[in-house]
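> Data file work.csv (CSV, C-alpha atoms) is appended below.
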chain,number,residue,atom,x,y,z
A,1,MET,CA,-73.8,135.3,52.5
A,2,ALA,CA,-71.9,133.2,50.0
A,3,GLU,CA,-69.1,135.8,49.6
A,4,HIS,CA,-68.3,135.4,53.3
A,5,THR,CA,-67.8,131.7,53.2
A,6,TYR,CA,-64.3,130.2,53.2
A,7,ALA,CA,-62.7,126.7,53.3
A,8,VAL,CA,-59.7,126.1,55.4
A,9,ILE,CA,-57.7,123.0,54.6
A,10,MET,CA,-55.5,121.5,57.4
A,11,ALA,CA,-52.6,120.0,55.5
A,12,GLY,CA,-49.5,119.8,57.7
A,13,GLY,CA,-49.7,116.1,58.7
A,14,GLY,CA,-47.1,113.5,58.0
A,15,GLY,CA,-49.3,110.4,57.5
A,16,THR,CA,-47.0,108.0,59.2
A,17,ARG,CA,-49.5,105.1,59.2
A,18,LEU,CA,-49.0,105.0,55.4
A,19,TRP,CA,-45.3,104.5,55.6
A,20,PRO,CA,-43.2,103.5,53.7
A,21,VAL,CA,-44.9,105.4,50.8
A,22,SER,CA,-45.8,108.4,52.9
A,23,ARG,CA,-42.5,110.0,54.0
A,24,LYS,CA,-41.3,113.3,55.5
A,25,GLU,CA,-40.6,114.7,52.0
A,26,THR,CA,-43.8,113.2,50.4
A,27,PRO,CA,-46.6,112.9,53.0
A,28,LYS,CA,-49.7,111.1,52.0
A,29,GLN,CA,-51.8,114.2,51.1
A,30,LEU,CA,-49.2,115.0,48.3
A,31,LEU,CA,-49.4,111.5,46.8
A,32,PRO,CA,-51.7,110.1,44.1
A,33,LEU,CA,-52.7,107.2,46.4
A,34,LEU,CA,-56.1,106.5,45.0
A,35,GLY,CA,-55.9,107.6,41.3
A,36,GLU,CA,-54.5,110.3,39.1
A,37,GLU,CA,-55.0,113.2,41.6
A,38,THR,CA,-53.2,113.6,44.9
A,39,LEU,CA,-55.4,113.6,48.0
A,40,PHE,CA,-54.7,117.4,48.3
A,41,GLN,CA,-55.8,118.0,44.7
A,42,SER,CA,-59.0,116.0,45.1
A,43,THR,CA,-59.8,117.9,48.4
A,44,VAL,CA,-59.5,121.2,46.5
A,45,SER,CA,-61.5,120.0,43.5
A,46,ARG,CA,-64.3,118.8,45.9
A,47,LEU,CA,-64.4,122.3,47.5
A,48,GLU,CA,-64.4,124.3,44.3
A,49,ALA,CA,-68.1,123.7,43.7
A,50,LEU,CA,-68.8,125.9,46.8
A,51,PHE,CA,-65.6,128.0,47.3
A,52,PRO,CA,-63.6,129.8,44.6
A,53,PRO,CA,-59.8,129.3,45.0
A,54,GLU,CA,-59.4,132.8,46.4
A,55,ARG,CA,-61.6,131.8,49.3
A,56,ILE,CA,-59.7,128.5,50.0
A,57,LEU,CA,-57.0,128.8,52.7
A,58,VAL,CA,-54.4,126.1,53.4
A,59,VAL,CA,-52.6,125.8,56.8
A,60,THR,CA,-49.4,123.7,56.3
A,61,VAL,CA,-45.7,123.6,57.0
A,62,ALA,CA,-43.1,125.4,54.8
A,63,GLU,CA,-41.6,122.2,53.2
A,64,GLN,CA,-45.1,121.1,51.9
A,65,ALA,CA,-46.4,124.5,50.8
A,66,SER,CA,-44.2,124.8,47.6
A,67,VAL,CA,-45.3,121.3,46.4
A,68,MET,CA,-49.0,122.2,47.1
A,69,GLN,CA,-48.7,125.4,45.1
A,70,GLU,CA,-47.3,123.4,42.2
A,71,GLN,CA,-50.2,120.9,42.5
A,72,VAL,CA,-52.9,123.6,42.8
A,73,PRO,CA,-51.6,126.9,41.3
A,74,ALA,CA,-55.1,128.5,41.4
A,75,ILE,CA,-54.9,129.1,45.2
A,76,PRO,CA,-53.2,132.5,45.8
A,77,PRO,CA,-49.9,132.3,47.6
A,78,GLU,CA,-51.1,134.6,50.3
A,79,ASN,CA,-53.8,132.0,51.2
A,80,TYR,CA,-51.1,129.7,52.5
A,81,LEU,CA,-50.7,130.1,56.3
A,82,ILE,CA,-47.4,128.5,57.3
A,83,GLU,CA,-47.1,127.1,60.8
A,84,PRO,CA,-43.5,127.0,62.0
A,85,ALA,CA,-44.0,123.6,63.7
A,86,PRO,CA,-47.0,121.2,64.3
A,87,ARG,CA,-48.9,122.3,67.4
A,88,GLY,CA,-52.2,120.4,67.0
A,89,THR,CA,-55.4,121.2,65.3
A,90,ALA,CA,-56.6,123.7,68.0
A,91,SER,CA,-53.7,126.0,67.0
A,92,VAL,CA,-54.3,125.5,63.3
A,93,VAL,CA,-58.0,126.5,63.7
A,94,ALA,CA,-57.2,129.4,65.9
A,95,LEU,CA,-54.6,130.8,63.6
A,96,ALA,CA,-56.8,130.5,60.5
A,97,ALA,CA,-59.8,132.1,62.4
A,98,ALA,CA,-57.8,135.0,63.7
A,99,VAL,CA,-56.2,135.8,60.3
A,100,LEU,CA,-59.5,135.4,58.5
A,101,LYS,CA,-61.4,137.6,61.0
A,102,ARG,CA,-59.1,140.5,60.1
A,103,ARG,CA,-59.7,139.8,56.4
A,104,ASP,CA,-63.5,139.4,56.7
A,105,PRO,CA,-65.1,139.9,60.2
A,106,GLN,CA,-68.3,138.1,58.9
A,107,ALA,CA,-66.5,135.0,57.7
A,108,VAL,CA,-67.8,131.5,58.1
A,109,MET,CA,-65.1,128.8,57.8
A,110,ALA,CA,-65.4,125.2,56.8
A,111,ILE,CA,-62.6,123.2,58.2
A,112,GLN,CA,-61.4,120.3,56.0
A,113,THR,CA,-58.5,117.9,56.1
A,114,ALA,CA,-56.2,117.4,53.1
A,115,ASP,CA,-56.1,113.6,53.3
A,116,HIS,CA,-59.8,112.6,53.4
A,117,HIS,CA,-61.4,110.8,50.5
A,118,ILE,CA,-65.1,111.4,49.7
A,119,LEU,CA,-67.0,109.6,47.0
A,120,ASN,CA,-70.4,111.3,47.1
A,121,LYS,CA,-69.5,114.9,46.2
A,122,ASP,CA,-73.1,116.1,45.7
A,123,LEU,CA,-74.1,115.0,49.2
A,124,PHE,CA,-70.9,116.6,50.5
A,125,ASN,CA,-71.9,120.0,49.0
A,126,TYR,CA,-75.4,119.6,50.4
A,127,LEU,CA,-74.1,118.9,53.9
A,128,ILE,CA,-71.6,121.8,53.8
A,129,SER,CA,-74.3,124.2,52.6
A,130,THR,CA,-76.7,123.1,55.4
A,131,ALA,CA,-73.8,123.3,57.9
A,132,ILE,CA,-73.1,126.9,56.8
A,133,ALA,CA,-76.8,127.9,57.4
A,134,VAL,CA,-76.6,126.3,60.9
A,135,ALA,CA,-73.3,128.0,61.7
A,136,GLU,CA,-74.9,131.4,60.9
A,137,LYS,CA,-77.0,130.8,64.0
A,138,LYS,CA,-73.8,130.8,66.1
A,139,TYR,CA,-73.5,127.0,66.4
A,140,LEU,CA,-70.2,125.1,66.1
A,141,VAL,CA,-71.2,122.5,63.5
A,142,THR,CA,-69.5,119.2,63.1
A,143,LEU,CA,-70.0,116.6,60.3
A,144,GLY,CA,-70.5,113.2,61.7
A,145,ILE,CA,-70.2,109.9,59.7
A,146,THR,CA,-72.9,107.3,60.3
A,147,PRO,CA,-70.8,104.3,61.5
A,148,THR,CA,-70.7,101.2,59.3
A,149,PHE,CA,-68.8,99.0,61.8
A,150,PRO,CA,-67.6,99.2,65.4
A,151,SER,CA,-64.5,101.2,64.7
A,152,THR,CA,-62.0,101.7,67.6
A,153,GLY,CA,-60.0,104.2,65.4
A,154,TYR,CA,-62.4,107.1,65.5
A,155,GLY,CA,-63.8,109.3,68.2
A,156,TYR,CA,-67.7,109.3,68.5
A,157,ILE,CA,-70.3,112.1,68.7
A,158,GLN,CA,-73.6,111.4,70.5
A,159,GLN,CA,-76.5,113.3,69.0
A,160,GLY,CA,-79.2,114.9,71.2
A,161,ASP,CA,-82.5,116.5,70.2
A,162,SER,CA,-83.3,117.5,66.6
A,163,LEU,CA,-82.4,121.2,66.0
A,164,GLY,CA,-85.4,123.2,65.1
A,165,GLY,CA,-85.2,125.2,61.8
A,166,ASP,CA,-86.0,124.9,58.2
A,167,TYR,CA,-82.8,123.0,57.2
A,168,LYS,CA,-82.3,120.9,54.1
A,169,TYR,CA,-80.7,118.1,56.1
A,170,PRO,CA,-81.4,116.6,59.6
A,171,VAL,CA,-79.4,118.6,62.3
A,172,TYR,CA,-79.1,117.6,66.0
A,173,THR,CA,-77.6,119.1,69.1
A,174,VAL,CA,-74.5,117.3,70.4
A,175,LYS,CA,-74.9,115.5,73.7
A,176,SER,CA,-71.3,114.5,74.1
A,177,PHE,CA,-68.0,113.7,72.4
A,178,LYS,CA,-66.4,110.4,73.2
A,179,GLU,CA,-62.8,109.4,72.7
A,180,LYS,CA,-61.7,106.4,70.7
A,181,PRO,CA,-63.4,103.4,72.4
A,182,ASP,CA,-62.3,99.8,73.0
A,183,GLU,CA,-63.9,97.0,71.0
A,184,ALA,CA,-66.8,96.3,73.5
A,185,THR,CA,-67.7,100.0,73.8
A,186,ALA,CA,-67.6,100.5,70.0
A,187,GLN,CA,-70.1,97.7,69.6
A,188,LEU,CA,-72.5,99.4,72.1
A,189,LEU,CA,-72.1,102.8,70.5
A,190,LEU,CA,-72.9,101.3,67.1
A,191,GLN,CA,-76.0,99.5,68.4
A,192,SER,CA,-77.3,102.7,70.2
A,193,GLY,CA,-78.0,104.3,66.8
A,194,ASP,CA,-77.4,107.8,68.1
A,195,HIS,CA,-73.6,108.0,67.6
A,196,SER,CA,-71.6,109.2,64.6
A,197,TRP,CA,-67.9,109.0,63.9
A,198,ASN,CA,-66.1,112.2,64.4
A,199,SER,CA,-64.9,113.1,60.9
A,200,GLY,CA,-62.8,116.1,61.9
A,201,MET,CA,-64.8,118.4,59.5
A,202,PHE,CA,-66.3,121.5,61.1
A,203,VAL,CA,-68.1,124.6,60.1
A,204,TRP,CA,-68.5,127.8,62.2
A,205,ARG,CA,-68.4,131.6,62.1
A,206,VAL,CA,-64.9,133.0,62.9
A,207,ASP,CA,-66.3,135.2,65.7
A,208,THR,CA,-68.1,132.2,67.3
A,209,ILE,CA,-65.0,129.9,67.4
A,210,LEU,CA,-62.7,132.7,68.6
A,211,ALA,CA,-65.1,133.5,71.5
A,212,GLU,CA,-65.0,129.8,72.4
A,213,ILE,CA,-61.2,129.7,72.2
A,214,GLU,CA,-61.0,132.8,74.3
A,215,ARG,CA,-63.2,131.2,77.0
A,216,GLN,CA,-61.5,127.8,77.1
A,217,MET,CA,-57.9,128.4,75.8
A,218,PRO,CA,-57.1,132.0,76.6
A,219,ASP,CA,-53.3,131.7,76.1
A,220,LEU,CA,-53.9,130.4,72.6
A,221,PHE,CA,-56.4,133.2,71.9
A,222,ASN,CA,-54.0,135.9,73.0
A,223,SER,CA,-51.1,134.4,71.0
A,224,VAL,CA,-53.0,134.1,67.7
A,225,ASN,CA,-54.4,137.6,68.2
A,226,GLU,CA,-50.9,139.0,68.4
A,227,ILE,CA,-49.9,136.9,65.3
A,228,ALA,CA,-52.9,138.1,63.4
A,229,THR,CA,-52.2,141.7,64.3
A,230,ALA,CA,-48.7,141.4,62.9
A,231,TRP,CA,-49.8,139.3,59.8
A,232,GLU,CA,-49.7,142.1,57.2
A,233,THR,CA,-46.5,143.7,58.7
A,234,PRO,CA,-42.8,143.0,58.3
A,235,GLU,CA,-42.8,141.6,61.9
A,236,ARG,CA,-45.0,138.7,60.9
A,237,ASN,CA,-42.4,135.9,60.9
A,238,GLU,CA,-40.7,137.1,64.1
A,239,VAL,CA,-44.0,137.3,66.0
A,240,LEU,CA,-45.3,134.1,64.6
A,241,ARG,CA,-42.1,132.2,65.6
A,242,SER,CA,-41.9,133.6,69.1
A,243,ARG,CA,-45.6,133.1,69.9
A,244,TRP,CA,-46.1,129.8,68.1
A,245,ASN,CA,-43.2,127.9,69.8
A,246,GLY,CA,-44.7,128.6,73.2
A,247,LEU,CA,-48.1,127.0,72.3
A,248,LYS,CA,-49.1,123.7,73.9
A,249,SER,CA,-50.0,121.0,71.4
A,250,GLN,CA,-53.7,120.3,71.5
A,251,THR,CA,-56.5,119.1,69.3
A,252,ILE,CA,-59.6,121.1,68.6
A,253,ASP,CA,-61.7,118.2,69.8
A,254,TYR,CA,-60.2,118.0,73.3
A,255,GLY,CA,-59.3,121.6,73.6
A,256,ILE,CA,-62.6,123.2,72.5
A,257,MET,CA,-65.4,120.9,71.2
A,258,GLU,CA,-65.9,118.6,74.3
A,259,LYS,CA,-66.8,121.6,76.5
A,260,ALA,CA,-68.3,124.0,74.0
A,261,GLU,CA,-71.9,125.0,74.5
A,262,ARG,CA,-73.7,125.5,71.2
A,263,VAL,CA,-72.6,122.4,69.2
A,264,ALA,CA,-74.6,120.8,66.4
A,265,VAL,CA,-74.0,117.6,64.3
A,266,LEU,CA,-75.1,116.5,60.8
A,267,PRO,CA,-74.9,112.7,60.8
A,268,ALA,CA,-74.0,111.7,57.3
A,269,GLY,CA,-74.6,108.3,55.8
A,270,GLY,CA,-73.7,107.4,52.2
A,271,LEU,CA,-70.9,110.0,51.9
A,272,GLY,CA,-68.4,107.4,50.9
A,273,TRP,CA,-66.0,108.9,53.4
A,274,SER,CA,-62.6,107.6,54.4
A,275,ASP,CA,-59.7,109.3,56.2
A,276,VAL,CA,-57.3,107.0,54.3
A,277,GLY,CA,-55.6,106.6,57.6
A,278,SER,CA,-53.9,103.2,57.2
A,279,TRP,CA,-53.2,100.6,54.6
A,280,ASP,CA,-56.2,98.5,55.5
A,281,SER,CA,-58.5,101.6,54.8
A,282,LEU,CA,-57.6,101.3,51.1
A,283,PHE,CA,-59.9,98.3,51.0
A,284,GLU,CA,-62.8,100.6,51.7
A,285,VAL,CA,-61.9,103.1,49.0
A,286,LEU,CA,-60.5,101.1,46.0
A,287,LEU,CA,-62.5,98.4,44.2
A,288,PRO,CA,-61.3,94.9,45.0
A,289,ASP,CA,-61.4,92.2,42.3
A,290,MET,CA,-63.4,89.0,42.6
A,291,ASN,CA,-60.9,87.5,45.1
A,292,GLY,CA,-61.1,90.6,47.3
A,293,ASN,CA,-57.6,91.7,46.2
A,294,VAL,CA,-56.7,95.4,45.7
A,295,ALA,CA,-53.7,96.1,43.4
A,296,THR,CA,-52.9,99.8,42.7
A,297,ASN,CA,-50.6,98.8,39.8
A,298,LYS,CA,-52.5,95.8,38.3
A,299,GLN,CA,-50.2,95.1,35.4
A,300,TYR,CA,-47.3,94.6,37.8
A,301,HIS,CA,-49.1,92.2,40.2
A,302,LEU,CA,-49.4,88.5,39.5
A,303,ALA,CA,-51.7,86.8,42.0
A,304,LEU,CA,-52.0,83.0,42.4
A,305,ASP,CA,-54.3,81.7,45.0
A,306,THR,CA,-54.3,85.1,46.7
A,307,HIS,CA,-57.3,86.6,48.6
A,308,ASN,CA,-58.2,89.8,50.4
A,309,THR,CA,-54.7,91.2,49.9
A,310,LEU,CA,-53.6,94.7,49.1
A,311,VAL,CA,-50.6,95.1,46.8
A,312,TYR,CA,-49.3,98.7,46.5
A,313,SER,CA,-46.4,99.3,44.2
A,314,ALA,CA,-44.8,102.7,43.9
A,315,THR,CA,-42.5,101.5,41.1
A,316,ASP,CA,-43.0,100.2,37.6
A,317,GLU,CA,-39.7,98.4,37.6
A,318,ARG,CA,-40.7,95.3,39.5
A,319,LEU,CA,-43.3,92.6,39.1
A,320,VAL,CA,-44.9,91.6,42.5
A,321,VAL,CA,-45.9,88.0,42.6
A,322,THR,CA,-48.1,86.7,45.5
A,323,ILE,CA,-48.8,82.9,45.9
A,324,GLY,CA,-51.2,81.5,48.6
A,325,LEU,CA,-51.5,84.8,50.5
A,326,ASP,CA,-54.7,85.7,52.5
A,327,ASP,CA,-55.5,88.9,54.4
A,328,MET,CA,-52.1,90.6,53.7
A,329,VAL,CA,-50.7,94.0,52.9
A,330,VAL,CA,-47.7,94.2,50.6
A,331,VAL,CA,-46.2,97.6,49.9
A,332,ASP,CA,-43.2,98.1,47.6
A,333,ALA,CA,-41.8,101.6,48.0
A,334,GLY,CA,-38.7,101.0,46.0
A,335,ASP,CA,-36.2,101.3,48.8
A,336,VAL,CA,-38.4,99.6,51.4
A,337,LEU,CA,-40.6,96.5,51.1
A,338,MET,CA,-43.2,96.1,53.8
A,339,ILE,CA,-45.3,92.9,54.3
A,340,CYS,CA,-47.8,92.6,57.1
A,341,LYS,CA,-51.2,91.0,58.0
A,342,THR,CA,-54.1,93.3,57.2
A,343,ASP,CA,-55.2,93.5,60.9
A,344,GLN,CA,-51.6,94.5,61.9
A,345,SER,CA,-51.4,97.5,59.5
A,346,GLN,CA,-51.9,100.0,62.3
A,347,ARG,CA,-48.6,99.0,63.7
A,348,VAL,CA,-46.7,100.7,60.9
A,349,ARG,CA,-46.4,103.6,63.5
A,350,ASP,CA,-44.3,101.3,65.7
A,351,VAL,CA,-41.9,100.8,62.8
A,352,VAL,CA,-41.6,104.6,62.2
A,353,GLU,CA,-40.9,105.0,65.9
A,354,HIS,CA,-38.2,102.3,65.8
A,355,LEU,CA,-36.5,103.9,62.8
A,356,LYS,CA,-36.5,107.3,64.5
A,357,LYS,CA,-35.1,105.8,67.7
A,358,HIS,CA,-32.3,104.1,65.8
A,359,LYS,CA,-31.5,107.1,63.6
A,360,GLN,CA,-32.4,105.4,60.3
A,361,GLU,CA,-33.5,108.7,58.9
A,362,LYS,CA,-33.0,107.8,55.2
A,363,TYR,CA,-36.1,105.5,55.5
A,364,LEU,CA,-38.3,108.2,57.0
Give the structure from the file, written as structure tokens.

Amino acid sequence: MAEHTYAVIMAGGGGTRLWPVSRKETPKQLLPLLGEETLFQSTVSRLEALFPPERILVVTVAEQASVMQEQVPAIPPENYLIEPAPRGTASVVALAAAVLKRRDPQAVMAIQTADHHILNKDLFNYLISTAIAVAEKKYLVTLGITPTFPSTGYGYIQQGDSLGGDYKYPVYTVKSFKEKPDEATAQLLLQSGDHSWNSGMFVWRVDTILAEIERQMPDLFNSVNEIATAWETPERNEVLRSRWNGLKSQTIDYGIMEKAERVAVLPAGGLGWSDVGSWDSLFEVLLPDMNGNVATNKQYHLALDTHNTLVYSATDERLVVTIGLDDMVVVDAGDVLMICKTDQSQRVRDVVEHLKKHKQEKYL
């Protein structure tokens, strides 16, 4: 079966919560935020143990594709599926599934996101291998993350009964998907012991997911079918543009998964997973010093009486000095300096909205 397994990387996002380093021209997945490799490069290298480059597809927008091809030249150019404009993850999945089905009707696809960080690669491979075996039985499989704190930033998956079968890893049916909760609800979900964070990683057969899309989102199904039919013809771009622009923006979670029938979850603990979604999430991924500080460019940070503070410097030309700071985020992007309390770092989105509204495009 291995020759029918494919990875599909969703890579079109802008990563606005990591502004001012993540910008339109250089979104977070194209940046070496956590080390030498960019997030996109580390996603590909994590997948290569299970999928050769010719079976890794990337769905992205045109302005990012050329940089990605430079960063990972091993992935063939025809494996880049270019979406004319962002239309949500349901459209991304549907397009990839429809194009892949024409290439290989028996295909099983593992949906990944270009900006996740995973520490435990061996466990990741184990989980994906198990998920592929479950997907073969016509289940829509999702990878859950065992919660480590009552997060209000993730959706939750409630597991039901154990799924019978000789699998290498515990697999459960899914009872329900829950949207991002408030603080009190998150506490209850954590205590219940039967909820996982929704990681946004999925595994399924292309025919299974397309049947579910046809049932729940028939307009999307018809559009991607027309696009896939024209994919290897000179009309591809014209059909793609005309059908794509009419699509409603929707996530795969709300559009399909919440009402799907045969859904399974693998709740993963110890994966060392982070969606690197905001500046405060870097505390989970990078090793803090004895004072709880994280500095990405240590030789250019001088800390006096500073604790639990993140200093991210995108330039080697400036020494950043912090004195008497606690629980802060300091980001020096060269043309923008941002300073905020750690617990306010999600509000970076508000700044981006403000800059858009006031036409300060040069900072976006």
> Any idea what's packed within 7 Å of range 186-201 of chain A, counting all atoms listed in the file, ignoring anything in its chain fewer than 2 positions away? Could you give it as a list in words?
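The filter keeps Ile111, Gln112, Thr142, Leu143, Gly144, Ile145, Thr146, Pro147, Pro150, Ser151, Thr152, Tyr154, Gly155, Tyr156, Ile157, Gln158, Gln159, Pro181, Asp182, Glu183, Ala184 and Pro267 of chain A.
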> If we count all atoms listed in the file, what is near Ser313 in chain A at a cut-off of 9 Å, once residues fewer than 4 positions away on the same chain are taken out, given as a PyMOL selection string?
chain A and resi 295-297+300-301+318-320+330-334
> Taking C-alpha atoms for each residue, export the selection above as a PDB file, in the coordinates of the input.

ATOM      1  CA  ALA A 295     -53.700  96.100  43.400  1.00  0.00           C
ATOM      2  CA  THR A 296     -52.900  99.800  42.700  1.00  0.00           C
ATOM      3  CA  ASN A 297     -50.600  98.800  39.800  1.00  0.00           C
ATOM      4  CA  TYR A 300     -47.300  94.600  37.800  1.00  0.00           C
ATOM      5  CA  HIS A 301     -49.100  92.200  40.200  1.00  0.00           C
ATOM      6  CA  ARG A 318     -40.700  95.300  39.500  1.00  0.00           C
ATOM      7  CA  LEU A 319     -43.300  92.600  39.100  1.00  0.00           C
ATOM      8  CA  VAL A 320     -44.900  91.600  42.500  1.00  0.00           C
ATOM      9  CA  VAL A 330     -47.700  94.200  50.600  1.00  0.00           C
ATOM     10  CA  VAL A 331     -46.200  97.600  49.900  1.00  0.00           C
ATOM     11  CA  ASP A 332     -43.200  98.100  47.600  1.00  0.00           C
ATOM     12  CA  ALA A 333     -41.800 101.600  48.000  1.00  0.00           C
ATOM     13  CA  GLY A 334     -38.700 101.000  46.000  1.00  0.00           C
TER      14      GLY A 334
END
> Of the candidates A:Lys356, A:Arg205, A:Arg236, A:Lys24, which shows the shortest atom-to-atom distance to Glu136 in chain A, using only C-alpha atoms?
A:Arg205
> Enter the distance from CA of Leu95 in chain A to CA of Gln71 in chain A, in Å, rounded to one decimal.
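Between CA of Leu95 in chain A and CA of Gln71 in chain A the gap is 23.7 Å.
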> Can you list, as a PyMOL selection string, every protein, DNA or RNA residue that comes within 12 Å of Val61 in chain A when you count only C-alpha atoms, leaving out same-chain residues fewer than 3 positions away?
chain A and resi 10-14+24-25+27+58+64-68+80-87+92
> Could you tell me how far CA of Leu337 in chain A lies from CA of Leu304 in chain A, in Å and to one decimal?
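Spanning CA of Leu337 in chain A to CA of Leu304 in chain A is a straight-line distance of 19.7 Å.
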> A:Asp104, A:Glu214, A:Asp327, A:Glu226: which is nearest Glu238 in chain A, counting only C-alpha atoms?
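Nearest candidate to Glu238 in chain A out of A:Asp104, A:Glu214, A:Asp327, A:Glu226: A:Glu226.
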> For the interface of range 64-158 of chain A with range 276-287 of chain A (cut-off 12 Å, counting all atoms listed in the file), please tabulate each contacting residue of range 64-158 of chain A alongside its nearest pair of atoms and their separation in Å to one decimal, rows sorted by chain and increasing number, as CSV.

residue,atom,partner,partner_atom,distance
A:Thr113,CA,A:Val276,CA,11.1
A:Ala114,CA,A:Val276,CA,10.5
A:Asp115,CA,A:Val276,CA,6.8
A:His116,CA,A:Val276,CA,6.2
A:His117,CA,A:Val276,CA,6.8
A:Ile118,CA,A:Val285,CA,8.9
A:Leu119,CA,A:Val285,CA,8.5
A:Asn120,CA,A:Val285,CA,12.0
A:Thr148,CA,A:Glu284,CA,11.0
A:Phe149,CA,A:Glu284,CA,11.9
A:Ser151,CA,A:Ser281,CA,11.6
A:Gly153,CA,A:Gly277,CA,9.3
A:Tyr154,CA,A:Gly277,CA,10.4
